[in-house]
>>> print(open('my_file30.cif').read())   # mmCIF, C-alpha atoms
data_entry
#
loop_
_atom_site.label_atom_id
_atom_site.label_comp_id
_atom_site.auth_asym_id
_atom_site.auth_seq_id
_atom_site.Cartn_x
_atom_site.Cartn_y
_atom_site.Cartn_z
CA MET A 115 -42.79 -97.89 -39.41
CA PRO A 116 -44.72 -99.43 -42.33
CA ASN A 117 -45.04 -97.41 -45.52
CA ASP A 118 -48.85 -97.27 -45.31
CA SER A 119 -48.57 -95.43 -41.98
CA LEU A 120 -46.84 -92.56 -43.79
CA SER A 121 -49.87 -91.78 -45.95
CA PHE A 122 -50.99 -88.99 -43.61
CA LEU A 123 -47.64 -87.17 -43.80
CA ALA A 124 -47.25 -87.93 -47.52
CA ASP A 125 -50.56 -86.27 -48.41
CA LEU A 126 -49.75 -83.26 -46.24
CA LEU A 127 -46.17 -82.75 -47.51
CA ALA A 128 -47.19 -83.20 -51.15
CA SER A 129 -49.58 -80.26 -50.98
CA PRO A 130 -48.34 -77.29 -53.07
CA GLU A 131 -49.89 -74.96 -50.46
CA LEU A 132 -47.87 -76.47 -47.62
CA ALA A 133 -45.85 -73.31 -46.93
CA GLN A 134 -48.77 -70.91 -47.32
CA HIS A 135 -50.59 -71.60 -44.04
CA SER A 136 -50.07 -71.96 -40.32
CA ARG A 137 -50.94 -75.37 -38.97
CA VAL A 138 -50.57 -77.76 -36.05
CA VAL A 139 -49.74 -81.35 -36.99
CA GLU A 140 -49.70 -84.22 -34.55
CA THR A 141 -47.79 -87.28 -35.74
CA PRO A 142 -45.74 -89.98 -34.00
CA HIS A 143 -43.31 -90.44 -36.89
CA PRO A 144 -39.73 -89.91 -35.59
CA ASP A 145 -38.49 -88.36 -38.86
CA ALA A 146 -41.44 -85.98 -39.26
CA ALA A 147 -39.29 -82.87 -38.62
CA VAL A 148 -36.78 -83.71 -41.37
CA LEU A 149 -39.49 -84.76 -43.82
CA ALA A 150 -41.54 -81.61 -43.20
CA ALA A 151 -38.47 -79.34 -43.37
CA THR A 152 -37.39 -80.89 -46.67
CA ALA A 153 -40.84 -80.33 -48.19
CA LEU A 154 -41.11 -76.78 -46.84
CA ALA A 155 -37.64 -75.84 -48.13
CA ARG A 156 -38.85 -76.41 -51.69
CA HIS A 157 -41.53 -73.71 -51.34
CA ALA A 158 -40.25 -71.23 -48.75
CA ARG A 159 -37.54 -68.70 -49.56
CA SER A 160 -36.21 -68.87 -46.00
CA LEU A 161 -37.07 -71.53 -43.43
CA ALA A 162 -36.36 -71.72 -39.69
CA VAL A 163 -36.49 -75.14 -38.02
CA VAL A 164 -36.67 -75.08 -34.20
CA VAL A 165 -35.58 -78.36 -32.59
CA PRO A 166 -34.57 -79.54 -29.11
CA THR A 167 -30.88 -79.28 -28.25
CA ARG A 168 -30.37 -83.04 -28.39
CA ALA A 169 -31.65 -83.18 -32.00
CA LEU A 170 -29.77 -80.16 -33.39
CA ASP A 171 -26.74 -81.93 -34.90
CA ALA A 172 -28.71 -84.89 -36.23
CA CYS A 173 -31.27 -82.61 -37.88
CA CYS A 174 -28.54 -80.53 -39.55
CA ARG A 175 -26.85 -83.65 -40.93
CA ALA A 176 -30.11 -85.13 -42.22
CA LEU A 177 -31.18 -81.89 -43.91
CA GLY A 178 -27.72 -81.49 -45.43
CA GLU A 179 -28.05 -84.93 -47.01
CA ARG A 180 -31.58 -84.31 -48.29
CA LEU A 181 -30.88 -80.74 -49.49
CA PRO A 182 -27.36 -80.94 -50.94
CA ALA A 183 -27.81 -77.74 -53.00
CA THR A 184 -29.08 -75.71 -50.02
CA GLU A 185 -26.94 -74.22 -47.28
CA VAL A 186 -28.06 -75.42 -43.84
CA THR A 187 -26.99 -73.21 -40.91
CA SER A 188 -27.21 -74.14 -37.22
CA VAL A 189 -27.80 -71.65 -34.38
CA ARG A 190 -27.02 -72.73 -30.83
CA TRP A 191 -28.08 -71.06 -27.64
CA GLY A 192 -25.44 -68.43 -26.77
CA ASP A 193 -24.16 -67.96 -30.34
CA GLY A 194 -25.52 -64.45 -30.54
CA LEU A 195 -26.26 -62.87 -33.92
CA VAL A 196 -25.34 -65.08 -36.87
CA GLU A 197 -25.65 -64.74 -40.63
CA LEU A 198 -28.96 -66.30 -41.59
CA GLY A 199 -29.19 -68.64 -44.59
CA PRO A 200 -32.04 -70.22 -46.60
CA VAL A 201 -32.46 -73.05 -44.02
CA VAL A 202 -31.55 -72.41 -40.40
CA VAL A 203 -31.81 -75.04 -37.66
CA ILE A 204 -32.20 -73.30 -34.29
CA ASP A 205 -31.73 -74.65 -30.77
CA GLU A 206 -35.09 -74.17 -29.04
CA ARG A 207 -33.35 -72.66 -25.99
CA VAL A 208 -32.78 -69.52 -28.07
CA PHE A 209 -36.49 -68.80 -27.57
CA PHE A 210 -37.68 -70.90 -24.67
CA ASP A 211 -35.17 -70.07 -21.95
CA GLY A 212 -37.44 -67.72 -20.04
CA ILE A 213 -35.31 -64.59 -20.50
CA ALA A 214 -37.77 -62.39 -22.44
CA ALA A 215 -39.80 -62.29 -25.63
CA GLU A 216 -37.77 -59.67 -27.51
CA PRO A 217 -35.29 -62.05 -29.27
CA PHE A 218 -38.20 -64.16 -30.48
CA GLU A 219 -39.99 -61.09 -31.81
CA ALA A 220 -36.87 -59.74 -33.55
CA LEU A 221 -36.19 -62.97 -35.48
CA LEU A 222 -39.74 -63.61 -36.71
CA PRO A 223 -39.78 -61.34 -39.79
CA ALA A 224 -36.51 -62.85 -41.11
CA PHE A 225 -38.16 -66.10 -42.27
CA ASP A 226 -41.00 -67.01 -44.61
CA HIS A 227 -41.93 -70.07 -42.59
CA TRP A 228 -41.21 -71.52 -39.17
CA LEU A 229 -41.21 -75.24 -38.38
CA ILE A 230 -41.30 -76.02 -34.66
CA ALA A 231 -40.47 -79.70 -34.20
CA GLU A 232 -41.20 -82.03 -31.29
CA GLY A 233 -43.68 -79.60 -29.81
CA ASP A 234 -44.80 -81.90 -26.99
CA GLY A 235 -44.34 -79.20 -24.35
CA LEU A 236 -44.63 -76.28 -26.74
CA VAL A 237 -47.40 -74.47 -24.90
CA ASP A 238 -45.46 -74.54 -21.64
CA ARG A 239 -42.26 -73.46 -23.38
CA LEU A 240 -43.98 -70.50 -25.01
CA ARG A 241 -45.45 -69.51 -21.68
CA ARG A 242 -42.01 -69.66 -20.05
CA ALA A 243 -40.56 -67.58 -22.88
CA LEU A 244 -43.03 -64.84 -21.96
CA ARG A 245 -42.30 -64.89 -18.24
CA THR A 246 -39.89 -62.74 -16.31
CA SER A 247 -38.44 -62.87 -12.82
CA THR A 248 -36.05 -60.51 -11.04
CA GLN A 249 -34.38 -60.67 -7.66
CA ASP A 250 -33.25 -57.05 -7.76
CA SER A 251 -33.59 -56.08 -4.08
CA ARG A 252 -33.81 -52.38 -4.94
CA ALA A 253 -36.68 -52.98 -7.35
CA CYS A 254 -38.57 -55.18 -4.90
CA GLY A 255 -37.99 -52.76 -2.03
CA PHE A 256 -39.08 -49.82 -4.17
CA LEU A 257 -42.30 -51.60 -5.10
CA GLU A 258 -43.08 -52.46 -1.50
CA SER A 259 -42.60 -48.90 -0.28
CA ARG A 260 -44.05 -47.09 -3.30
CA LEU A 261 -47.20 -49.22 -3.52
CA GLY A 262 -47.62 -49.78 0.22
CA LEU A 263 -47.61 -53.58 -0.07
CA GLY A 264 -47.75 -55.36 3.27
CA TYR A 265 -45.48 -58.36 3.11
CA ALA A 266 -45.83 -61.27 5.51
CA GLU A 267 -43.50 -64.27 5.51
CA GLY A 268 -44.33 -66.64 2.65
CA SER A 269 -47.13 -64.47 1.29
CA THR A 270 -47.73 -63.27 -2.26
CA SER A 271 -48.60 -59.66 -3.07
CA PHE A 272 -50.16 -59.01 -6.48
CA VAL A 273 -49.30 -55.85 -8.40
CA SER A 274 -51.57 -54.49 -11.11
CA ALA A 275 -50.13 -53.63 -14.51
CA ASN A 276 -51.15 -49.99 -14.06
CA GLN A 277 -49.29 -49.76 -10.74
CA LEU A 278 -46.21 -51.35 -12.25
CA ARG A 279 -46.20 -48.93 -15.17
CA ARG A 280 -46.29 -45.98 -12.78
CA THR A 281 -43.22 -47.25 -10.92
CA GLU A 282 -41.09 -47.00 -14.11
CA LEU A 283 -38.78 -49.85 -13.14
CA ALA A 284 -35.85 -50.06 -15.53
CA CYS A 285 -35.36 -53.76 -14.73
CA VAL A 286 -38.75 -54.75 -16.19
CA PRO A 287 -38.96 -54.61 -20.03
CA TYR A 288 -41.56 -52.20 -21.35
CA LEU A 289 -43.27 -55.01 -23.27
CA LEU A 290 -43.92 -56.85 -20.02
CA ARG A 291 -44.94 -53.78 -18.03
CA SER A 292 -47.53 -52.74 -20.61
CA ASP A 293 -49.04 -56.14 -21.37
CA PRO A 294 -52.61 -56.30 -19.95
CA ASN A 295 -52.57 -60.11 -20.16
CA ARG A 296 -49.91 -60.36 -17.47
CA VAL A 297 -50.18 -60.70 -13.71
CA PHE A 298 -47.29 -59.37 -11.60
CA TYR A 299 -46.58 -60.41 -8.04
CA LEU A 300 -43.96 -60.09 -5.33
CA GLN A 301 -43.06 -63.34 -3.65
CA ARG A 302 -40.69 -64.17 -0.82
CA THR A 303 -38.50 -67.21 -1.53
CA ARG A 304 -35.55 -68.85 0.18
CA ARG A 305 -33.24 -66.68 -1.91
CA GLY A 306 -35.01 -63.48 -0.95
CA ARG A 307 -37.74 -61.38 -2.53
CA GLU A 308 -38.58 -61.76 -6.22
CA LEU A 309 -40.68 -59.77 -8.64
CA ARG A 310 -42.35 -62.28 -10.92
CA SER A 311 -44.63 -62.08 -13.91
CA ASP A 312 -46.75 -64.75 -15.58
CA ILE A 313 -48.79 -64.54 -18.71
CA ILE A 314 -52.51 -65.16 -18.18
CA SER A 315 -53.15 -66.47 -21.69
CA ALA A 316 -50.34 -67.32 -24.08
CA GLY A 317 -52.64 -67.17 -27.09
CA ASP A 318 -53.28 -63.41 -27.16
CA ALA A 319 -49.62 -62.52 -26.70
CA MET A 320 -48.28 -65.09 -29.17
CA ALA A 321 -50.85 -64.17 -31.83
CA SER A 322 -49.21 -60.76 -32.27
CA PHE A 323 -45.94 -62.57 -33.06
CA LEU A 324 -47.18 -65.52 -35.08
CA GLU A 325 -49.47 -63.50 -37.34
CA ARG A 326 -46.35 -62.04 -38.98
CA SER A 327 -45.08 -65.41 -40.15
CA ARG A 328 -46.40 -68.82 -41.16
CA VAL A 329 -45.75 -71.53 -38.60
CA THR A 330 -46.01 -75.32 -38.63
CA VAL A 331 -45.98 -77.11 -35.28
CA LEU A 332 -45.20 -80.83 -35.04
CA GLY A 333 -46.01 -82.69 -31.84
CA ARG A 334 -46.98 -86.01 -30.31
CA ALA A 335 -49.02 -84.85 -27.32
CA LEU A 336 -50.71 -81.59 -28.23
CA ALA A 337 -54.22 -82.98 -28.63
CA VAL A 338 -56.78 -83.10 -25.82
CA ASP A 339 -59.28 -85.92 -26.31
CA GLY A 340 -58.28 -86.09 -29.96
CA ASP A 341 -58.85 -82.36 -30.49
CA LEU A 342 -56.12 -79.79 -31.24
CA SER A 343 -58.32 -76.71 -30.77
CA PHE A 344 -57.04 -76.02 -27.24
CA ALA A 345 -53.40 -76.08 -28.41
CA MET A 346 -54.32 -73.84 -31.35
CA GLN A 347 -56.01 -71.38 -29.01
CA GLU A 348 -53.04 -71.36 -26.61
CA LEU A 349 -50.62 -70.68 -29.47
CA GLY A 350 -52.75 -67.97 -31.03
CA LEU A 351 -52.99 -69.85 -34.33
CA GLN A 352 -56.07 -69.59 -36.52
CA ALA A 353 -55.76 -72.48 -38.95
CA ASP A 354 -57.07 -75.97 -39.61
CA PRO A 355 -55.23 -78.51 -37.43
CA HIS A 356 -54.25 -82.01 -38.58
CA VAL A 357 -54.24 -85.05 -36.34
CA ASP A 358 -52.67 -88.38 -37.18
CA ALA A 359 -54.84 -91.02 -35.52
CA ARG A 360 -51.84 -93.34 -35.31
CA ALA A 361 -50.46 -91.08 -32.57
CA LEU A 362 -52.87 -92.75 -30.14
CA ARG A 363 -51.29 -95.45 -27.99
CA ASP A 364 -52.74 -98.88 -27.47
CA ASP A 365 -49.82 -100.43 -25.58
CA LEU A 366 -50.05 -98.47 -22.33
CA LEU A 367 -51.33 -99.84 -19.02
CA LEU A 368 -52.94 -96.92 -17.18
CA PHE A 369 -53.39 -98.03 -13.58
CA ALA A 370 -55.29 -96.13 -10.86
CA PRO A 371 -55.57 -98.04 -7.55
CA HIS A 372 -58.13 -97.16 -4.90
CA LEU A 373 -56.69 -94.27 -2.89
CA PRO A 374 -58.18 -91.28 -1.04
CA ARG A 375 -58.32 -87.89 -2.71
CA TYR A 376 -55.13 -85.88 -2.42
CA SER A 377 -56.90 -83.32 -0.21
CA GLU A 378 -57.70 -85.92 2.45
CA ARG A 379 -55.46 -86.35 5.48
CA GLU A 380 -54.51 -89.98 4.87
CA TRP A 381 -53.52 -89.48 1.21
CA PRO A 382 -49.75 -88.78 1.73
CA THR A 383 -49.32 -91.89 3.89
CA GLN A 384 -51.12 -94.14 1.45
CA VAL A 385 -49.18 -92.70 -1.49
CA VAL A 386 -45.92 -93.64 0.23
CA ASP A 387 -47.19 -97.16 0.93
CA ALA A 388 -48.36 -97.59 -2.67
CA ALA A 389 -45.02 -96.30 -4.02
CA ARG A 390 -43.14 -98.78 -1.83
CA ARG A 391 -45.26 -101.60 -3.18
CA LEU A 392 -44.69 -100.54 -6.80
CA VAL A 393 -40.93 -100.17 -6.37
CA GLY A 394 -40.88 -103.66 -4.89
CA LEU A 395 -42.84 -105.13 -7.79
CA ALA A 396 -41.18 -103.58 -10.83
CA PRO A 397 -37.43 -103.67 -11.56
CA GLU A 398 -37.43 -100.26 -13.28
CA VAL A 399 -39.53 -97.40 -11.92
CA THR A 400 -39.65 -93.61 -12.37
CA VAL A 401 -41.51 -91.82 -9.57
CA LEU A 402 -42.81 -88.34 -10.47
CA ALA A 403 -43.92 -86.51 -7.35
CA SER A 404 -45.37 -83.06 -6.70
CA ALA A 405 -43.18 -80.66 -4.75
CA TRP A 406 -44.84 -81.13 -1.35
CA ASN A 407 -44.69 -84.94 -1.61
CA ARG A 408 -41.22 -85.47 -3.09
CA ASN A 409 -39.23 -85.34 0.16
CA ASP A 410 -41.56 -87.78 1.95
CA LEU A 411 -41.37 -90.22 -0.95
CA GLY A 412 -37.59 -89.87 -1.12
CA ARG A 413 -37.16 -90.71 2.54
CA ALA A 414 -39.58 -93.61 2.35
CA LEU A 415 -37.98 -95.12 -0.75
CA ARG A 416 -34.35 -94.42 0.13
CA SER A 417 -33.78 -97.97 1.35
CA ARG A 418 -35.10 -99.32 -1.95
CA LEU A 419 -33.57 -96.77 -4.33
CA SER A 420 -31.20 -98.12 -6.96
CA ALA A 421 -30.00 -97.11 -10.39
CA SER A 422 -33.33 -98.25 -11.82
CA VAL A 423 -35.48 -96.06 -9.52
CA SER A 424 -35.55 -92.27 -9.80
CA ILE A 425 -37.65 -89.51 -8.27
CA GLY A 426 -38.39 -86.45 -10.37
CA HIS A 427 -40.99 -83.79 -11.10
CA PRO A 428 -43.85 -84.16 -13.62
CA ALA A 429 -42.81 -80.97 -15.47
CA ARG A 430 -39.22 -82.13 -16.07
CA GLU A 431 -38.63 -83.31 -19.62
CA VAL A 432 -36.89 -86.64 -19.15
CA GLU A 433 -37.04 -90.01 -20.81
CA LEU A 434 -39.25 -92.17 -18.63
CA SER A 435 -38.90 -95.86 -17.79
CA ARG A 436 -41.23 -98.84 -18.33
CA VAL A 437 -43.17 -98.10 -15.13
CA VAL A 438 -43.97 -94.49 -14.25
CA VAL A 439 -45.61 -93.56 -10.94
CA LEU A 440 -47.43 -90.21 -10.73
CA ASP A 441 -48.60 -89.13 -7.29
CA ARG A 442 -51.34 -86.81 -8.61
CA VAL A 443 -52.63 -85.50 -11.92
CA PRO A 444 -50.74 -82.37 -13.09
CA LEU A 445 -53.36 -79.75 -12.23
CA ASP A 446 -51.48 -76.62 -11.14
CA VAL A 447 -54.36 -74.85 -9.44
CA GLY A 448 -52.11 -73.08 -6.94
CA GLU A 449 -49.97 -71.05 -9.35
CA PRO A 450 -50.35 -67.26 -8.86
CA ALA A 451 -51.19 -66.73 -12.52
CA HIS A 452 -54.00 -69.27 -12.29
CA THR A 453 -55.27 -67.65 -9.10
CA ALA A 454 -55.51 -64.29 -10.86
CA GLN A 455 -57.15 -65.81 -13.91
CA ARG A 456 -59.79 -67.58 -11.84
CA ALA A 457 -60.69 -64.21 -10.36
CA ARG A 458 -61.36 -62.93 -13.89
CA THR A 459 -63.12 -65.96 -15.38
CA SER A 460 -65.83 -67.96 -13.64
CA ARG A 461 -65.33 -70.90 -16.03
CA TRP A 462 -61.54 -71.02 -15.72
CA PHE A 463 -61.42 -74.66 -14.58
CA ARG A 464 -63.59 -75.97 -17.42
CA THR A 465 -62.11 -73.84 -20.21
CA VAL A 466 -58.43 -73.62 -19.21
CA GLY A 467 -57.46 -75.51 -16.07
CA MET A 468 -58.76 -78.97 -16.97
CA PRO A 469 -57.73 -78.97 -20.68
CA ARG A 470 -54.22 -77.86 -19.68
CA ALA A 471 -53.98 -80.63 -17.07
CA VAL A 472 -55.24 -83.25 -19.52
CA GLN A 473 -52.70 -82.09 -22.09
CA ARG A 474 -49.84 -82.40 -19.61
CA PHE A 475 -51.12 -85.81 -18.53
CA ARG A 476 -51.15 -87.07 -22.09
CA LEU A 477 -47.68 -85.67 -22.63
CA LEU A 478 -46.38 -87.72 -19.69
CA ALA A 479 -48.16 -90.82 -20.97
CA SER A 480 -46.64 -90.39 -24.42
CA ARG A 481 -43.15 -90.52 -22.92
CA VAL A 482 -43.59 -93.79 -21.06
CA ALA A 483 -41.45 -96.49 -22.66
CA HIS A 484 -43.04 -98.82 -25.23
CA ALA A 485 -45.43 -101.37 -23.71
CA GLY A 486 -45.04 -99.68 -20.33
CA ALA A 487 -47.35 -98.79 -17.46
CA MET A 488 -48.36 -95.54 -15.81
CA VAL A 489 -49.67 -95.69 -12.23
CA VAL A 490 -51.60 -92.65 -10.92
CA LEU A 491 -51.89 -92.50 -7.13
CA ASP A 492 -54.66 -89.89 -7.16
CA GLY A 493 -58.01 -90.93 -5.70
CA ARG A 494 -59.82 -88.57 -8.08
CA MET A 495 -58.97 -90.91 -10.97
CA ARG A 496 -61.72 -93.22 -9.71
CA SER A 497 -64.43 -90.55 -10.07
CA ARG A 498 -66.31 -89.07 -13.03
CA TRP A 499 -64.14 -85.97 -12.60
CA ALA A 500 -61.24 -87.83 -14.29
CA GLU A 501 -63.03 -88.94 -17.47
CA GLY A 502 -60.97 -86.50 -19.53
CA PHE A 503 -57.71 -88.03 -18.29
CA TRP A 504 -58.83 -91.54 -19.23
CA ARG A 505 -59.94 -90.38 -22.68
CA ALA A 506 -56.57 -88.66 -23.17
CA VAL A 507 -54.91 -92.08 -23.49
CA PRO A 508 -57.21 -94.03 -25.84
CA GLY A 509 -56.67 -97.77 -25.85
CA ALA A 510 -55.16 -97.82 -22.34
CA HIS A 511 -56.05 -100.67 -20.00
CA THR A 512 -57.03 -100.54 -16.35
CA ALA A 513 -56.23 -103.09 -13.67
CA ASP A 514 -56.20 -103.79 -9.95
CA TRP A 515 -53.13 -104.67 -7.85
CA ASP A 516 -53.26 -108.37 -8.72
CA ALA A 517 -53.49 -107.66 -12.45
CA PHE A 518 -50.61 -105.22 -12.22
CA ARG A 519 -48.50 -107.84 -10.40
CA ASP A 520 -49.35 -110.38 -13.10
CA TRP A 521 -48.40 -107.89 -15.82
CA VAL A 522 -45.02 -107.24 -14.18
CA SER A 523 -44.43 -110.97 -13.73
CA ASP A 524 -45.31 -111.84 -17.32
CA ASP A 525 -43.53 -108.89 -18.87
CA GLN A 526 -40.36 -108.77 -16.75
CA GLY A 527 -39.84 -112.47 -16.18
CA GLY A 528 -40.74 -112.73 -12.52
CA VAL A 529 -41.82 -110.59 -9.58
CA ARG A 530 -39.09 -109.13 -7.44
#
>>> encode(input="my_file30.cif", output="structure tokens")
Amino acid sequence: MPNDSLSFLADLLASPELAQHSRVVETPHPDAAVLAATALARHARSLAVVVPTRALDACCRALGERLPATEVTSVRWGDGLVELGPVVVIDERVFFDGIAAEPFEALLPAFDHWLIAEGDGLVDRLRRALRTSTQDSRACGFLESRLGLGYAEGSTSFVSANQLRRTELACVPYLLRSDPNRVFYLQRTRRGRELRSDIISAGDAMASFLERSRVTVLGRALAVDGDLSFAMQELGLQADPHVDARALRDDLLLFAPHLPRYSEREWPTQVVDAARRLVGLAPEVTVLASAWNRNDLGRALRSRLSASVSIGHPAREVELSRVVVLDRVPLDVGEPAHTAQRARTSRWFRTVGMPRAVQRFRLLASRVAHAGAMVVLDGRMRSRWAEGFWRAVPGAHTADWDAFRDWVSDDQGGVR
């Protein structure tokens, strides 16, 4: 990356007040975590750097080279309690493995500053860290009988926080039972009955944690339409965000062919036909399908599947190929937590649902390989409803089938 493109990070890291505030920084620079950690280590007495598992060893080595006089300690998921040093690099699974929030809360006061690197899916990870699920049959049976919950096959029974507190279930942590921002529900799954809990708004719960320590978040896909305020609100941070305009892509082909809306009867059939056509055109394709469409697409594409074609889920954090096919925009309107929140807030879709979907959409687009294409088989992309999704990928191009075929031919050296 040219030196002039580092001016944004250089000005930020040179500030003597760098370690004194909480902030969200969006930058595409691959070494941003090491650069920021090196600058923060000069001002903070103790610094925690949270990185993905795949980057743990590399980050430790790089920081060791840049800070030869400072001890750099690594903490892996499953290590248990370790002796904390001046700079500690922590595997993100220590916090974001969905077990409970208590370990995260206990470690916060130990450090002057936290640096959370590669925060592309940070909001979702924080939400998962504050979610609990139990399959304890005794607990589920006790709830059903004690609260008189009728339970039909495949249904979901919501439980109020007050009711759950009165049941005094030992299997549910007190923090979760007493949190008014949570929705609890019993759900029947293939593995049996489960008591589940989802946080309604991550911001209120995380604010009580983050206000005790200064936090810097680095990410490539946290902004919505160039604005980081939604991510700041979700994280409970009250600080001035910083956006690097160079994070915006101008090499992505965003393609939305004419298809019916996903709620219409003919949509699944036409999605399968469009996916077949795309797999036949491009030599390397990743198909990301929603749960109810994945099996149909798998059966339809089985005859064409090869090592260069894979079918996954939009929420899975994987490296994507040159051509990514998304069957519908990632708007999770059917989740129980969203259902409960809509009942509380009349403007849920405008204030929470749509910004969250746009953020996830941009996250997927940011992971498409360089000079790649993203094809969205959702008929709503052709309406004014989808303006936010188009704005989330500034500089993207649109095309019809013929233009897409020409792009594949020119870029890949011939149409298959």
>>> closest_residue(input="my_file30.cif", among="A:Thr512, A:Ser315, A:Gln134, A:Ser247", to="Arg456 of chain A", atoms="only C-alpha atoms")
A:Ser315
>>> resolve_selection(input="my_file30.cif", expression="the PyMOL selection byres ((chain A and resi 333-338) around 6)", output="VMD selection string")
chain A and resid 140 to 142 232 to 234 332 339 to 342 473 477
>>> residues_near_point(input="my_file30.cif", point="(-52.7, -81.6, -16.5)", cutoff="7 Å", atoms="only C-alpha atoms", output="list of chain:residue names")
A:Val443, A:Pro444, A:Leu445, A:Met468, A:Arg470, A:Ala471, A:Val472, A:Gln473, A:Arg474, A:Phe475
>>> atom_distance(input="my_file30.cif", atom1="atom CA of Asp226 of chain A", atom2="atom CA of Met346 of chain A")
20.0 Å
>>> atom_distance(input="my_file30.cif", atom1="atom CA of Tyr376 of chain A", atom2="atom CA of Gly493 of chain A")
6.7 Å
>>> closest_residue(input="my_file30.cif", among="A:Gly199, A:Gly467, A:Phe323, A:Trp515", to="Glu449 of chain A", atoms="all atoms listed in the file")
A:Gly467
>>> resolve_selection(input="my_file30.cif", expression="the PyMOL selection byres ((chain A and resi 238) around 12)", output="PyMOL selection string")
chain A and resi 210-212+233-237+239-245+312-313+315-317+336+345+348-349+429-431+470-471+473-474+477
>>> resolve_selection(input="my_file30.cif", expression="the PyMOL selection byres ((chain A and resi 223) around 12)", output="PyMOL selection string")
chain A and resi 160-162+217-222+224-228+323-329
>>> residues_around(input="my_file30.cif", residues="Ser136 of chain A", least_positions_apart="3", cutoff="8 Å", atoms="all atoms listed in the file", output="PyMOL selection string")
chain A and resi 133+328-330+351-353
>>> atom_distance(input="my_file30.cif", atom1="atom CA of Ala231 of chain A", atom2="atom CA of Pro355 of chain A")
15.2 Å
>>> residues_around(input="my_file30.cif", residues="Thr281 of chain A", least_positions_apart="4", cutoff="10 Å", atoms="all atoms listed in the file", output="NGL selection string")
:A and (253 or 256-257 or 260-261 or 276-277 or 291)
>>> residues_around(input="my_file30.cif", residues="Arg190 of chain A", least_positions_apart="3", cutoff="10 Å", atoms="only C-alpha atoms", output="PyMOL selection string")
chain A and resi 167+170+193-194+196+203-208
>>> closest_residue(input="my_file30.cif", among="A:Trp504, A:Ala169, A:Thr465, A:Leu395", to="Phe344 of chain A", atoms="all atoms listed in the file")
A:Thr465
>>> closest_residue(input="my_file30.cif", among="A:Ala319, A:Leu309, A:Val439, A:Leu368", to="Ala388 of chain A", atoms="all atoms listed in the file")
A:Val439
>>> residues_around(input="my_file30.cif", residues="Ala454 of chain A", least_positions_apart="4", cutoff="12 Å", atoms="only C-alpha atoms", output="list in words")
Thr270, Ser271, Phe272, Val273, Ser274, Asn295, Arg296, Val297, Phe298, Tyr299, Ser311, Asp312, Ile313, Ile314, Ser315, Val447, Gly448, Glu449, Pro450, Arg458, Thr459, Ser460 and Trp462 of chain A
>>> residues_around(input="my_file30.cif", residues="Arg180 of chain A", least_positions_apart="5", cutoff="9 Å", atoms="all atoms listed in the file", output="list in words")
Val148, Thr152 and Arg175 of chain A
>>> write_last_selection(input="my_file30.cif", atoms="C-alpha atoms", output="short mmCIF file (atom, residue, chain, number, x, y, z; two decimals), in the coordinates of the input")
data_model
loop_
_atom_site.label_atom_id
_atom_site.label_comp_id
_atom_site.auth_asym_id
_atom_site.auth_seq_id
_atom_site.Cartn_x
_atom_site.Cartn_y
_atom_site.Cartn_z
CA VAL A 148 -36.78 -83.71 -41.37
CA THR A 152 -37.39 -80.89 -46.67
CA ARG A 175 -26.85 -83.65 -40.93
#
>>> closest_residue(input="my_file30.cif", among="A:Gly255, A:Gly486, A:Gly262, A:Gly502", to="Leu283 of chain A", atoms="all atoms listed in the file")
A:Gly255
